[in-house]
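Structure data (mmCIF, C-alpha atoms) from target_3.cif:
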data_model
loop_
_atom_site.label_atom_id
_atom_site.label_comp_id
_atom_site.auth_asym_id
_atom_site.auth_seq_id
_atom_site.Cartn_x
_atom_site.Cartn_y
_atom_site.Cartn_z
CA MET P 1 0.00 0.00 0.00
CA ARG P 2 1.39 3.36 -1.05
CA LEU P 3 1.73 6.16 1.43
CA ARG P 4 -0.23 9.20 0.29
CA LEU P 5 0.19 12.59 1.90
CA VAL P 6 -2.64 13.95 -0.26
CA PRO P 7 -5.81 11.99 -1.15
CA LYS P 8 -6.11 10.82 -4.74
CA ASP P 9 -8.14 12.99 -7.15
CA THR P 10 -8.69 15.90 -4.79
CA LYS P 11 -11.26 18.51 -5.80
CA TRP P 12 -10.62 21.26 -3.29
CA ASP P 13 -11.67 24.83 -4.01
CA PHE P 14 -8.63 26.98 -3.25
CA PHE P 15 -10.28 30.20 -4.42
CA SER P 16 -13.52 30.33 -2.50
CA ARG P 17 -12.06 33.36 -0.68
CA PRO P 18 -9.03 34.62 -2.63
CA ALA P 19 -9.32 38.12 -1.15
CA LEU P 20 -9.02 36.64 2.35
CA TRP P 21 -5.70 34.90 1.60
CA LEU P 22 -4.30 37.96 -0.14
CA GLY P 23 -5.44 40.12 2.78
CA ILE P 24 -3.79 37.85 5.37
CA SER P 25 -0.55 37.75 3.38
CA GLY P 26 -0.63 41.51 2.86
CA GLY P 27 -1.14 42.05 6.59
CA LEU P 28 1.78 39.76 7.46
CA MET P 29 3.99 41.61 4.98
CA VAL P 30 3.07 44.94 6.59
CA LEU P 31 3.93 43.54 10.03
CA ALA P 32 7.24 42.23 8.67
CA LEU P 33 8.13 45.64 7.24
CA VAL P 34 7.11 47.42 10.46
CA SER P 35 9.33 45.08 12.47
CA PHE P 36 12.19 45.63 10.04
CA PHE P 37 12.01 49.43 10.20
CA LEU P 38 11.42 49.61 13.95
CA GLN P 39 14.02 47.18 15.31
CA GLY P 40 15.99 46.20 12.21
CA LEU P 41 17.98 43.01 11.75
CA ASN P 42 20.50 41.40 14.05
CA TYR P 43 23.39 41.69 11.59
CA GLY P 44 26.27 39.27 11.93
CA ILE P 45 29.96 40.08 11.57
CA ASP P 46 29.71 40.06 7.77
CA PHE P 47 27.47 43.13 7.90
CA ARG P 48 28.64 44.84 11.10
CA GLY P 49 32.36 44.49 10.71
CA GLY P 50 34.78 42.64 12.96
CA THR P 51 37.89 40.48 12.99
CA THR P 52 38.51 37.01 11.60
CA ILE P 53 41.21 34.90 13.26
CA ARG P 54 42.55 31.74 11.65
CA THR P 55 44.00 29.33 14.22
CA GLU P 56 45.96 26.12 13.93
CA SER P 57 46.62 23.39 16.49
CA ALA P 58 47.77 19.79 16.62
CA GLN P 59 44.97 18.97 19.03
CA THR P 60 41.50 18.01 17.84
CA VAL P 61 39.20 21.02 17.67
CA VAL P 62 36.23 21.02 20.02
CA VAL P 63 34.18 24.09 19.10
CA ALA P 64 32.20 24.00 22.37
CA ASP P 65 35.43 24.14 24.40
CA TYR P 66 36.72 27.07 22.35
CA ARG P 67 33.44 28.90 22.87
CA ASP P 68 33.43 28.25 26.63
CA ALA P 69 37.01 29.50 26.90
CA MET P 70 36.12 32.79 25.18
CA GLN P 71 32.82 33.31 27.01
CA PRO P 72 34.33 35.27 29.96
CA LEU P 73 35.83 37.83 27.54
CA GLU P 74 32.30 39.06 26.68
CA LEU P 75 33.13 39.88 23.06
CA GLY P 76 29.54 39.77 21.79
CA ASP P 77 28.84 37.92 18.57
CA VAL P 78 31.52 35.24 18.12
CA THR P 79 31.42 32.58 15.40
CA ILE P 80 33.75 29.57 15.60
CA THR P 81 33.99 27.23 12.61
CA GLU P 82 36.26 24.24 12.13
CA VAL P 83 37.91 24.23 8.70
CA PHE P 84 38.13 20.93 6.81
CA ASP P 85 40.48 20.47 3.87
CA PRO P 86 41.73 17.20 2.33
CA THR P 87 45.18 18.77 1.91
CA PHE P 88 45.62 19.25 5.66
CA GLU P 89 47.93 16.95 7.61
CA GLU P 90 46.46 14.69 10.30
CA ASP P 91 47.74 16.94 13.08
CA GLN P 92 46.71 20.16 11.31
CA ASN P 93 43.45 21.30 12.91
CA VAL P 94 42.31 24.70 11.68
CA THR P 95 39.49 26.95 12.87
CA MET P 96 38.07 30.30 11.79
CA ILE P 97 37.03 32.59 14.66
CA ARG P 98 34.99 35.69 13.85
CA ILE P 99 34.59 38.40 16.48
CA GLN P 100 32.25 41.34 15.98
CA ALA P 101 33.66 44.87 15.94
CA GLN P 102 33.59 46.36 19.42
CA GLU P 103 31.67 49.57 20.00
CA GLY P 104 33.62 52.66 19.00
CA ALA P 105 36.39 50.68 17.29
CA GLN P 106 37.09 49.96 13.65
CA SER P 107 38.22 46.42 14.48
CA VAL P 108 39.18 44.19 17.38
CA SER P 109 42.18 45.67 19.21
CA ALA P 110 45.54 43.92 19.59
CA ASP P 111 44.92 43.56 23.34
CA ILE P 112 41.68 41.65 22.70
CA VAL P 113 43.46 39.37 20.21
CA ARG P 114 46.09 38.61 22.85
CA ASN P 115 43.38 37.90 25.42
CA VAL P 116 41.66 35.53 23.00
CA GLU P 117 44.94 33.74 22.34
CA ALA P 118 45.60 33.37 26.06
CA ALA P 119 42.10 32.02 26.67
CA LEU P 120 42.39 29.46 23.87
CA LYS P 121 45.81 28.29 25.04
CA VAL P 122 44.09 26.92 28.13
CA VAL P 123 42.17 24.55 25.82
CA ALA P 124 44.92 23.98 23.23
CA PRO P 125 48.38 24.98 24.57
CA ASP P 126 50.03 24.70 21.13
CA ILE P 127 47.47 26.88 19.34
CA THR P 128 48.83 29.50 16.95
CA PHE P 129 47.15 32.40 15.17
CA VAL P 130 48.01 31.94 11.49
CA SER P 131 46.29 35.12 10.37
CA VAL P 132 44.24 37.99 11.78
CA GLU P 133 42.05 39.98 9.36
CA SER P 134 39.61 42.79 10.06
CA VAL P 135 36.43 43.85 8.24
CA GLY P 136 35.72 47.54 8.70
CA PRO P 137 32.35 49.32 8.59
CA LYS P 138 32.90 50.42 4.98
CA VAL P 139 33.39 46.88 3.71
CA SER P 140 30.44 45.56 5.74
CA GLY P 141 28.27 48.36 4.31
CA GLU P 142 29.29 47.35 0.79
CA LEU P 143 28.36 43.75 1.59
CA ILE P 144 24.85 44.85 2.62
CA GLN P 145 24.46 46.83 -0.60
CA THR P 146 25.72 43.92 -2.71
CA ALA P 147 23.38 41.48 -0.95
CA VAL P 148 20.34 43.70 -1.62
CA ILE P 149 21.34 44.06 -5.27
CA ALA P 150 21.75 40.27 -5.59
CA VAL P 151 18.22 39.61 -4.29
CA LEU P 152 16.68 42.33 -6.48
CA LEU P 153 18.50 41.07 -9.59
CA ALA P 154 17.31 37.53 -8.89
CA ILE P 155 13.68 38.68 -8.65
CA THR P 156 14.05 40.80 -11.81
CA ALA P 157 15.51 37.82 -13.70
CA VAL P 158 12.53 35.74 -12.58
CA LEU P 159 10.13 38.42 -13.84
CA ILE P 160 11.76 38.42 -17.28
CA TYR P 161 11.96 34.61 -17.45
CA ILE P 162 8.29 34.03 -16.57
CA TRP P 163 7.22 36.86 -18.87
CA LEU P 164 9.01 35.27 -21.83
CA ARG P 165 7.87 31.74 -21.02
CA PHE P 166 4.24 32.52 -20.21
CA GLU P 167 2.53 35.94 -20.23
CA TRP P 168 2.96 39.08 -18.17
CA GLN P 169 0.08 38.13 -15.84
CA PHE P 170 1.93 34.93 -14.91
CA ALA P 171 5.12 36.93 -14.38
CA LEU P 172 3.49 39.37 -11.98
CA GLY P 173 1.91 36.49 -10.04
CA ALA P 174 5.27 34.72 -9.70
CA VAL P 175 7.11 37.87 -8.63
CA ALA P 176 4.37 38.71 -6.11
CA ALA P 177 4.91 35.27 -4.56
CA LEU P 178 8.69 35.74 -4.46
CA VAL P 179 8.46 39.20 -2.87
CA HIS P 180 6.00 37.76 -0.36
CA ASP P 181 8.45 34.97 0.57
CA VAL P 182 11.47 37.26 0.90
CA VAL P 183 9.65 39.93 2.92
CA LEU P 184 8.15 37.41 5.35
CA THR P 185 11.53 35.70 5.82
CA ILE P 186 13.23 39.01 6.59
CA GLY P 187 10.34 39.87 8.92
CA VAL P 188 10.77 36.64 10.90
CA PHE P 189 14.51 37.28 11.29
CA SER P 190 13.78 40.83 12.41
CA GLU P 191 11.08 39.83 14.89
CA LEU P 192 13.07 36.94 16.43
CA GLN P 193 16.40 38.81 16.15
CA ILE P 194 18.16 35.78 14.67
CA ARG P 195 21.66 36.56 13.41
CA PHE P 196 21.50 37.77 9.80
CA ASP P 197 24.67 37.21 7.77
CA LEU P 198 25.80 36.25 4.28
CA ALA P 199 24.60 32.67 4.79
CA ILE P 200 21.05 34.01 5.18
CA ILE P 201 21.40 35.90 1.88
CA ALA P 202 22.33 32.58 0.28
CA ALA P 203 19.22 31.08 1.90
CA LEU P 204 17.04 33.88 0.51
CA LEU P 205 18.32 33.24 -3.02
CA THR P 206 17.73 29.51 -2.55
CA ILE P 207 14.19 30.22 -1.35
CA VAL P 208 13.59 32.30 -4.47
CA GLY P 209 14.66 29.35 -6.63
CA TYR P 210 12.59 26.84 -4.66
CA SER P 211 9.45 28.95 -4.71
CA LEU P 212 9.88 29.70 -8.42
CA ASN P 213 10.24 26.01 -9.25
CA ASP P 214 6.97 25.18 -7.50
CA THR P 215 5.18 28.12 -9.11
CA VAL P 216 6.37 27.19 -12.60
CA VAL P 217 5.09 23.61 -12.16
CA VAL P 218 1.62 24.97 -11.30
CA PHE P 219 1.69 27.53 -14.10
CA ASP P 220 2.73 24.91 -16.66
CA ARG P 221 -0.31 22.85 -15.74
CA VAL P 222 -2.51 25.97 -15.84
CA ARG P 223 -1.32 26.73 -19.37
CA GLU P 224 -2.03 23.16 -20.49
CA ASN P 225 -5.50 23.16 -18.96
CA LEU P 226 -6.35 26.56 -20.44
CA ARG P 227 -5.92 24.98 -23.86
CA LYS P 228 -7.58 21.71 -22.90
CA PHE P 229 -10.67 23.02 -21.08
CA LYS P 230 -11.65 26.07 -23.10
CA LYS P 231 -15.13 26.34 -21.64
CA LEU P 232 -14.03 26.40 -18.02
CA SER P 233 -13.69 29.66 -16.17
CA LEU P 234 -10.18 30.72 -15.13
CA LYS P 235 -11.02 30.01 -11.49
CA ASP P 236 -11.97 26.41 -12.27
CA VAL P 237 -8.87 25.92 -14.41
CA LEU P 238 -6.66 27.18 -11.58
CA ASN P 239 -8.38 24.91 -9.08
CA LEU P 240 -8.06 21.94 -11.39
CA SER P 241 -4.37 22.63 -12.05
CA ILE P 242 -3.45 23.07 -8.39
CA ASN P 243 -5.28 19.89 -7.41
CA GLU P 244 -3.51 17.95 -10.16
CA THR P 245 -0.09 19.11 -8.95
CA LEU P 246 -0.91 19.15 -5.22
CA SER P 247 0.45 15.67 -4.49
CA ARG P 248 3.78 16.54 -6.12
CA THR P 249 3.94 19.88 -4.30
CA VAL P 250 3.26 18.42 -0.86
CA MET P 251 5.58 15.44 -1.34
CA THR P 252 8.46 17.67 -2.47
CA SER P 253 7.96 20.07 0.43
CA VAL P 254 7.67 17.35 3.08
CA THR P 255 10.76 15.44 1.94
CA THR P 256 12.75 18.69 1.79
CA LEU P 257 11.56 19.64 5.27
CA LEU P 258 12.59 16.24 6.66
CA ALA P 259 16.16 16.83 5.51
CA LEU P 260 16.18 20.44 6.74
CA ILE P 261 14.77 19.58 10.17
CA SER P 262 17.46 16.92 10.57
CA LEU P 263 20.11 19.51 9.74
CA PHE P 264 18.54 22.01 12.13
CA VAL P 265 18.62 19.52 15.01
CA LEU P 266 21.96 17.84 14.28
CA GLY P 267 23.88 20.36 12.19
CA GLY P 268 25.14 22.58 14.96
CA ASP P 269 25.09 26.30 15.60
CA VAL P 270 27.12 27.30 12.54
CA ILE P 271 24.43 26.46 9.97
CA ARG P 272 21.35 26.73 12.18
CA GLY P 273 20.39 30.21 10.96
CA PHE P 274 20.71 29.16 7.32
CA VAL P 275 18.66 26.00 7.89
CA PHE P 276 15.97 27.91 9.80
CA ALA P 277 15.64 30.33 6.89
CA MET P 278 15.32 27.39 4.49
CA ILE P 279 12.64 25.68 6.62
CA TRP P 280 10.63 28.88 6.82
CA GLY P 281 11.18 29.51 3.10
CA VAL P 282 9.93 26.07 2.07
CA ILE P 283 6.75 26.54 4.11
CA VAL P 284 5.93 30.04 2.85
CA GLY P 285 7.13 29.15 -0.67
CA THR P 286 4.67 26.26 -0.87
CA TYR P 287 1.89 28.47 0.47
CA SER P 288 2.65 31.36 -1.88
CA SER P 289 2.80 29.22 -5.03
CA ILE P 290 -0.82 28.19 -4.38
CA PHE P 291 -2.48 31.10 -2.61
CA ILE P 292 -0.47 34.11 -3.82
CA ALA P 293 0.85 33.48 -7.34
CA SER P 294 -2.36 31.82 -8.53
CA ALA P 295 -4.60 34.29 -6.69
CA VAL P 296 -2.82 37.23 -8.37
CA LEU P 297 -3.22 35.49 -11.73
CA LEU P 298 -6.93 35.05 -11.03
CA LYS P 299 -7.28 38.75 -10.20
CA LEU P 300 -5.39 39.89 -13.31
CA GLY P 301 -7.03 37.40 -15.66
CA VAL P 302 -5.28 35.83 -18.62
CA LYS P 303 -5.84 35.93 -22.36
CA ARG P 304 -7.66 32.85 -23.62
CA ASP P 305 -7.05 31.47 -27.09
CA TRP P 306 -10.68 31.69 -28.25
CA SER P 307 -12.61 34.75 -29.33
CA LYS P 308 -15.53 34.71 -26.91
CA PRO P 309 -14.90 34.01 -23.25
CA SER P 310 -17.07 31.40 -21.61
CA ASN P 311 -19.95 32.57 -19.45
CA THR P 312 -19.43 29.59 -17.21
CA SER P 313 -19.98 30.54 -13.59
CA GLY P 314 -20.33 28.86 -10.25
CA ASN P 315 -18.24 26.03 -8.93
CA GLN P 316 -18.17 23.85 -12.06
CA PHE P 317 -14.89 22.51 -10.89
CA ALA P 318 -16.72 20.24 -8.46
CA ASN P 319 -18.17 18.41 -11.48
CA ILE P 320 -14.87 17.96 -13.29
CA ASP P 321 -13.21 14.59 -13.06
CA ALA P 322 -9.57 15.37 -12.27
#
Rendering of file as structure tokens:
Amino acid sequence: MRLRLVPKDTKWDFFSRPALWLGISGGLMVLALVSFFLQGLNYGIDFRGGTTIRTESAQTVVVADYRDAMQPLELGDVTITEVFDPTFEEDQNVTMIRIQAQEGAQSVSADIVRNVEAALKVVAPDITFVSVESVGPKVSGELIQTAVIAVLLAITAVLIYIWLRFEWQFALGAVAALVHDVVLTIGVFSELQIRFDLAIIAALLTIVGYSLNDTVVVFDRVRENLRKFKKLSLKDVLNLSINETLSRTVMTSVTTLLALISLFVLGGDVIRGFVFAMIWGVIVGTYSSIFIASAVLLKLGVKRDWSKPSNTSGNQFANIDA
């Protein structure tokens, strides 16, 4: 017996209240923007500036011990990552330590670097600092600007792609879904004050790709059914198309979430922010491909390939054998 997450041949009406779903999503986007402008994001070292220290030791790296040793220094946001490289020798254990810029300073002072080295020598007496590099406010500001440009260019590319592949109504629906996903993700990070760094920008771009893939699958089926069922209203065609692709959509999202939740629980602190963004993005991306992209398409309408539009009304979809 096959496991089904979605019943076979569903005939659910997803557009009985399209204005309600758009209103809820619009309200959540407003709340996300209010949170962003009032309290902002908890920027990581990439965007706030700081110092990166590369260490090397013959002893096995235990990130938790390194973190505990540095805790009394009260340096604020500190990221410790073990570096793996197949070219390293067996006794060559390398870590990257990132320390946020201290208030009123361009970078971490030499005294703080010495204090960090002394604290880590308690854990690994042979530890050496191979390199110490600082990221100033100017560079971090440029990184923020570049990240914003990357997200905007990705959404613009999606707009052009969907426009060329389908029609402009499809393109606006897809972009509305993508903007919805990105704004809500940023809003969650602002509200919960989760560290926001370059890894989260990578997650945002991945979310854009994931959401677009799901939306294109639905839109492809919509285009096919528009040609196949010429007497059905656009609402019924959209309902039919979403129901036909619903099993695939849910199965893809659930299997992706299983892998992401495993990473969130077992992956450690270094990638937890990235994985959280991906989990949230998969959930809102699945929602937006059904209730946002298709709802916008329903509101805009789409050109049919016959001269006189059908006067079909009511919920004919309930009588269609999917």
*asked:* I need the residue nearest P:Ala202 from this list: P:Leu31, P:Glu82, P:Leu297, P:Val148. Use only C-alpha atoms for the distance.
replied: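 Residue with the minimum atom-to-atom distance to P:Ala202: P:Val148.
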*asked:* Take the PyMOL selection byres ((chain P and resi 271) around 12), run it mentally on this structure, and tell me the resulting residues as a PyMOL selection string.
replied: chain P and resi 79-81+195-200+202-203+260-270+272-278
*Interatomic distance, atom CA of P:Trp280 to atom CA of P:Val208 (Å, one decimal)*: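 Going from atom CA of P:Trp280 over to atom CA of P:Val208 covers 12.2 Å.
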*Run the PyMOL selection byres ((chain P and resi 112) around 12) on the file and write out the hits as a list of chain:residue names.*
P:Gly50, P:Thr51, P:Ile53, P:Met70, P:Leu73, P:Glu74, P:Leu75, P:Ile99, P:Gln100, P:Ala101, P:Gln102, P:Ala105, P:Ser107, P:Val108, P:Ser109, P:Ala110, P:Asp111, P:Val113, P:Arg114, P:Asn115, P:Val116, P:Glu117, P:Ala118, P:Ala119, P:Val132
*So how far away is atom CA of P:Asp91 from atom CA of P:Asp68, in Å?*
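Going from atom CA of P:Asp68 over to atom CA of P:Asp91, I get 22.7 Å.
When all atoms listed in the file are used to measure the gap to P:Thr55, the shortest distance among P:Thr146, P:Thr156, P:Thr128, P:Asn239 belongs to P:Thr128.
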Near stretch 211-222 of chain P, within 6 Å and counting all atoms listed in the file, which residues show up once chain neighbours fewer than 4 positions away are dropped, as a PDB file with C-alpha atoms, keeping the file's coordinate frame?
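The resulting file, around.pdb, is shown below:
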ATOM      1  CA  ILE P 207      14.190  30.220  -1.350  1.00  0.00           C
ATOM      2  CA  SER P 241      -4.370  22.630 -12.050  1.00  0.00           C
ATOM      3  CA  GLY P 285       7.130  29.150  -0.670  1.00  0.00           C
ATOM      4  CA  SER P 289       2.800  29.220  -5.030  1.00  0.00           C
TER       5      SER P 289
END
*asked:* (-0.6, 33.1, 5.9) in this file's frame - what residues fall within 8 Å of it? Use all atoms listed in the file and give the answer as a ChimeraX atom specification.
replied: /P:21,24-25,28,284,287
*Expressed in Å to a single decimal, how great is the separation between atom CA of P:Leu258 and atom CA of P:Asp13?*
27.9 Å
_Could you check the closest approach to P:Thr60 for each of P:Phe129, P:Phe84, P:Trp163, P:Phe291 and tell me which residue wins, using all atoms listed in the file?_
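Using all atoms listed in the file, the shortest distance to P:Thr60 belongs to P:Phe84.
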*Could you check which of P:Gly187, P:Gly27, P:Gly173, P:Gly49 is closest to P:Ala295, using all atoms listed in the file?*
P:Gly173
Axis-aligned box for stretch 33-50 of chain P, 6 Å per side, centre and edges in Å as AutoDock Vina command-line options:
--center_x 20.9 --center_y 44.4 --center_z 11.3 --size_x 39.7 --size_y 22.3 --size_z 20.1
_Please list as a PyMOL selection string every residue within 12 Å of P:Phe14, counting all atoms listed in the file and excluding residues in the same chain fewer than 2 positions away._
chain P and resi 10-12+16-21+235-243+246+287+289-292+294-295+298+315+317-318
Suppose we keep C-alpha atoms; can you now write the selection as a short mmCIF file (atom, residue, chain, number, x, y, z; two decimals), keeping the file's coordinate frame?
data_model
loop_
_atom_site.label_atom_id
_atom_site.label_comp_id
_atom_site.auth_asym_id
_atom_site.auth_seq_id
_atom_site.Cartn_x
_atom_site.Cartn_y
_atom_site.Cartn_z
CA THR P 10 -8.69 15.90 -4.79
CA LYS P 11 -11.26 18.51 -5.80
CA TRP P 12 -10.62 21.26 -3.29
CA SER P 16 -13.52 30.33 -2.50
CA ARG P 17 -12.06 33.36 -0.68
CA PRO P 18 -9.03 34.62 -2.63
CA ALA P 19 -9.32 38.12 -1.15
CA LEU P 20 -9.02 36.64 2.35
CA TRP P 21 -5.70 34.90 1.60
CA LYS P 235 -11.02 30.01 -11.49
CA ASP P 236 -11.97 26.41 -12.27
CA VAL P 237 -8.87 25.92 -14.41
CA LEU P 238 -6.66 27.18 -11.58
CA ASN P 239 -8.38 24.91 -9.08
CA LEU P 240 -8.06 21.94 -11.39
CA SER P 241 -4.37 22.63 -12.05
CA ILE P 242 -3.45 23.07 -8.39
CA ASN P 243 -5.28 19.89 -7.41
CA LEU P 246 -0.91 19.15 -5.22
CA TYR P 287 1.89 28.47 0.47
CA SER P 289 2.80 29.22 -5.03
CA ILE P 290 -0.82 28.19 -4.38
CA PHE P 291 -2.48 31.10 -2.61
CA ILE P 292 -0.47 34.11 -3.82
CA SER P 294 -2.36 31.82 -8.53
CA ALA P 295 -4.60 34.29 -6.69
CA LEU P 298 -6.93 35.05 -11.03
CA ASN P 315 -18.24 26.03 -8.93
CA PHE P 317 -14.89 22.51 -10.89
CA ALA P 318 -16.72 20.24 -8.46
#
*asked:* Could you check the closest approach to P:Val30 for each of P:Tyr66, P:Leu226, P:Arg48, P:Ile186 and tell me which residue wins, using only C-alpha atoms?
replied: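 Using only C-alpha atoms, the shortest distance to P:Val30 belongs to P:Ile186.
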For C-alpha atoms, please extract stretch 194-246 of chain P from the block and return it as a PDB file, in the first residue's frame.
ATOM      1  CA  ILE P 194      18.158  35.780  14.667  1.00  0.00           C
ATOM      2  CA  ARG P 195      21.659  36.563  13.414  1.00  0.00           C
ATOM      3  CA  PHE P 196      21.501  37.774   9.798  1.00  0.00           C
ATOM      4  CA  ASP P 197      24.669  37.212   7.765  1.00  0.00           C
ATOM      5  CA  LEU P 198      25.802  36.249   4.277  1.00  0.00           C
ATOM      6  CA  ALA P 199      24.604  32.669   4.789  1.00  0.00           C
ATOM      7  CA  ILE P 200      21.052  34.014   5.176  1.00  0.00           C
ATOM      8  CA  ILE P 201      21.403  35.898   1.879  1.00  0.00           C
ATOM      9  CA  ALA P 202      22.331  32.576   0.282  1.00  0.00           C
ATOM     10  CA  ALA P 203      19.224  31.077   1.902  1.00  0.00           C
ATOM     11  CA  LEU P 204      17.045  33.876   0.507  1.00  0.00           C
ATOM     12  CA  LEU P 205      18.325  33.242  -3.022  1.00  0.00           C
ATOM     13  CA  THR P 206      17.734  29.509  -2.551  1.00  0.00           C
ATOM     14  CA  ILE P 207      14.195  30.223  -1.347  1.00  0.00           C
ATOM     15  CA  VAL P 208      13.592  32.305  -4.474  1.00  0.00           C
ATOM     16  CA  GLY P 209      14.661  29.354  -6.633  1.00  0.00           C
ATOM     17  CA  TYR P 210      12.593  26.838  -4.662  1.00  0.00           C
ATOM     18  CA  SER P 211       9.449  28.955  -4.715  1.00  0.00           C
ATOM     19  CA  LEU P 212       9.876  29.701  -8.416  1.00  0.00           C
ATOM     20  CA  ASN P 213      10.239  26.010  -9.248  1.00  0.00           C
ATOM     21  CA  ASP P 214       6.971  25.184  -7.499  1.00  0.00           C
ATOM     22  CA  THR P 215       5.184  28.120  -9.113  1.00  0.00           C
ATOM     23  CA  VAL P 216       6.370  27.188 -12.603  1.00  0.00           C
ATOM     24  CA  VAL P 217       5.086  23.613 -12.161  1.00  0.00           C
ATOM     25  CA  VAL P 218       1.618  24.965 -11.305  1.00  0.00           C
ATOM     26  CA  PHE P 219       1.690  27.530 -14.104  1.00  0.00           C
ATOM     27  CA  ASP P 220       2.727  24.914 -16.662  1.00  0.00           C
ATOM     28  CA  ARG P 221      -0.313  22.852 -15.736  1.00  0.00           C
ATOM     29  CA  VAL P 222      -2.507  25.970 -15.840  1.00  0.00           C
ATOM     30  CA  ARG P 223      -1.325  26.729 -19.375  1.00  0.00           C
ATOM     31  CA  GLU P 224      -2.030  23.158 -20.493  1.00  0.00           C
ATOM     32  CA  ASN P 225      -5.500  23.162 -18.963  1.00  0.00           C
ATOM     33  CA  LEU P 226      -6.352  26.561 -20.440  1.00  0.00           C
ATOM     34  CA  ARG P 227      -5.924  24.981 -23.863  1.00  0.00           C
ATOM     35  CA  LYS P 228      -7.580  21.705 -22.902  1.00  0.00           C
ATOM     36  CA  PHE P 229     -10.675  23.016 -21.080  1.00  0.00           C
ATOM     37  CA  LYS P 230     -11.653  26.073 -23.104  1.00  0.00           C
ATOM     38  CA  LYS P 231     -15.125  26.339 -21.643  1.00  0.00           C
ATOM     39  CA  LEU P 232     -14.034  26.400 -18.023  1.00  0.00           C
ATOM     40  CA  SER P 233     -13.687  29.664 -16.172  1.00  0.00           C
ATOM     41  CA  LEU P 234     -10.178  30.717 -15.130  1.00  0.00           C
ATOM     42  CA  LYS P 235     -11.020  30.005 -11.485  1.00  0.00           C
ATOM     43  CA  ASP P 236     -11.971  26.415 -12.270  1.00  0.00           C
ATOM     44  CA  VAL P 237      -8.865  25.920 -14.406  1.00  0.00           C
ATOM     45  CA  LEU P 238      -6.664  27.180 -11.583  1.00  0.00           C
ATOM     46  CA  ASN P 239      -8.382  24.913  -9.077  1.00  0.00           C
ATOM     47  CA  LEU P 240      -8.057  21.944 -11.387  1.00  0.00           C
ATOM     48  CA  SER P 241      -4.374  22.632 -12.052  1.00  0.00           C
ATOM     49  CA  ILE P 242      -3.449  23.071  -8.392  1.00  0.00           C
ATOM     50  CA  ASN P 243      -5.279  19.890  -7.413  1.00  0.00           C
ATOM     51  CA  GLU P 244      -3.512  17.951 -10.157  1.00  0.00           C
ATOM     52  CA  THR P 245      -0.086  19.111  -8.948  1.00  0.00           C
ATOM     53  CA  LEU P 246      -0.909  19.145  -5.217  1.00  0.00           C
TER      54      LEU P 246
END
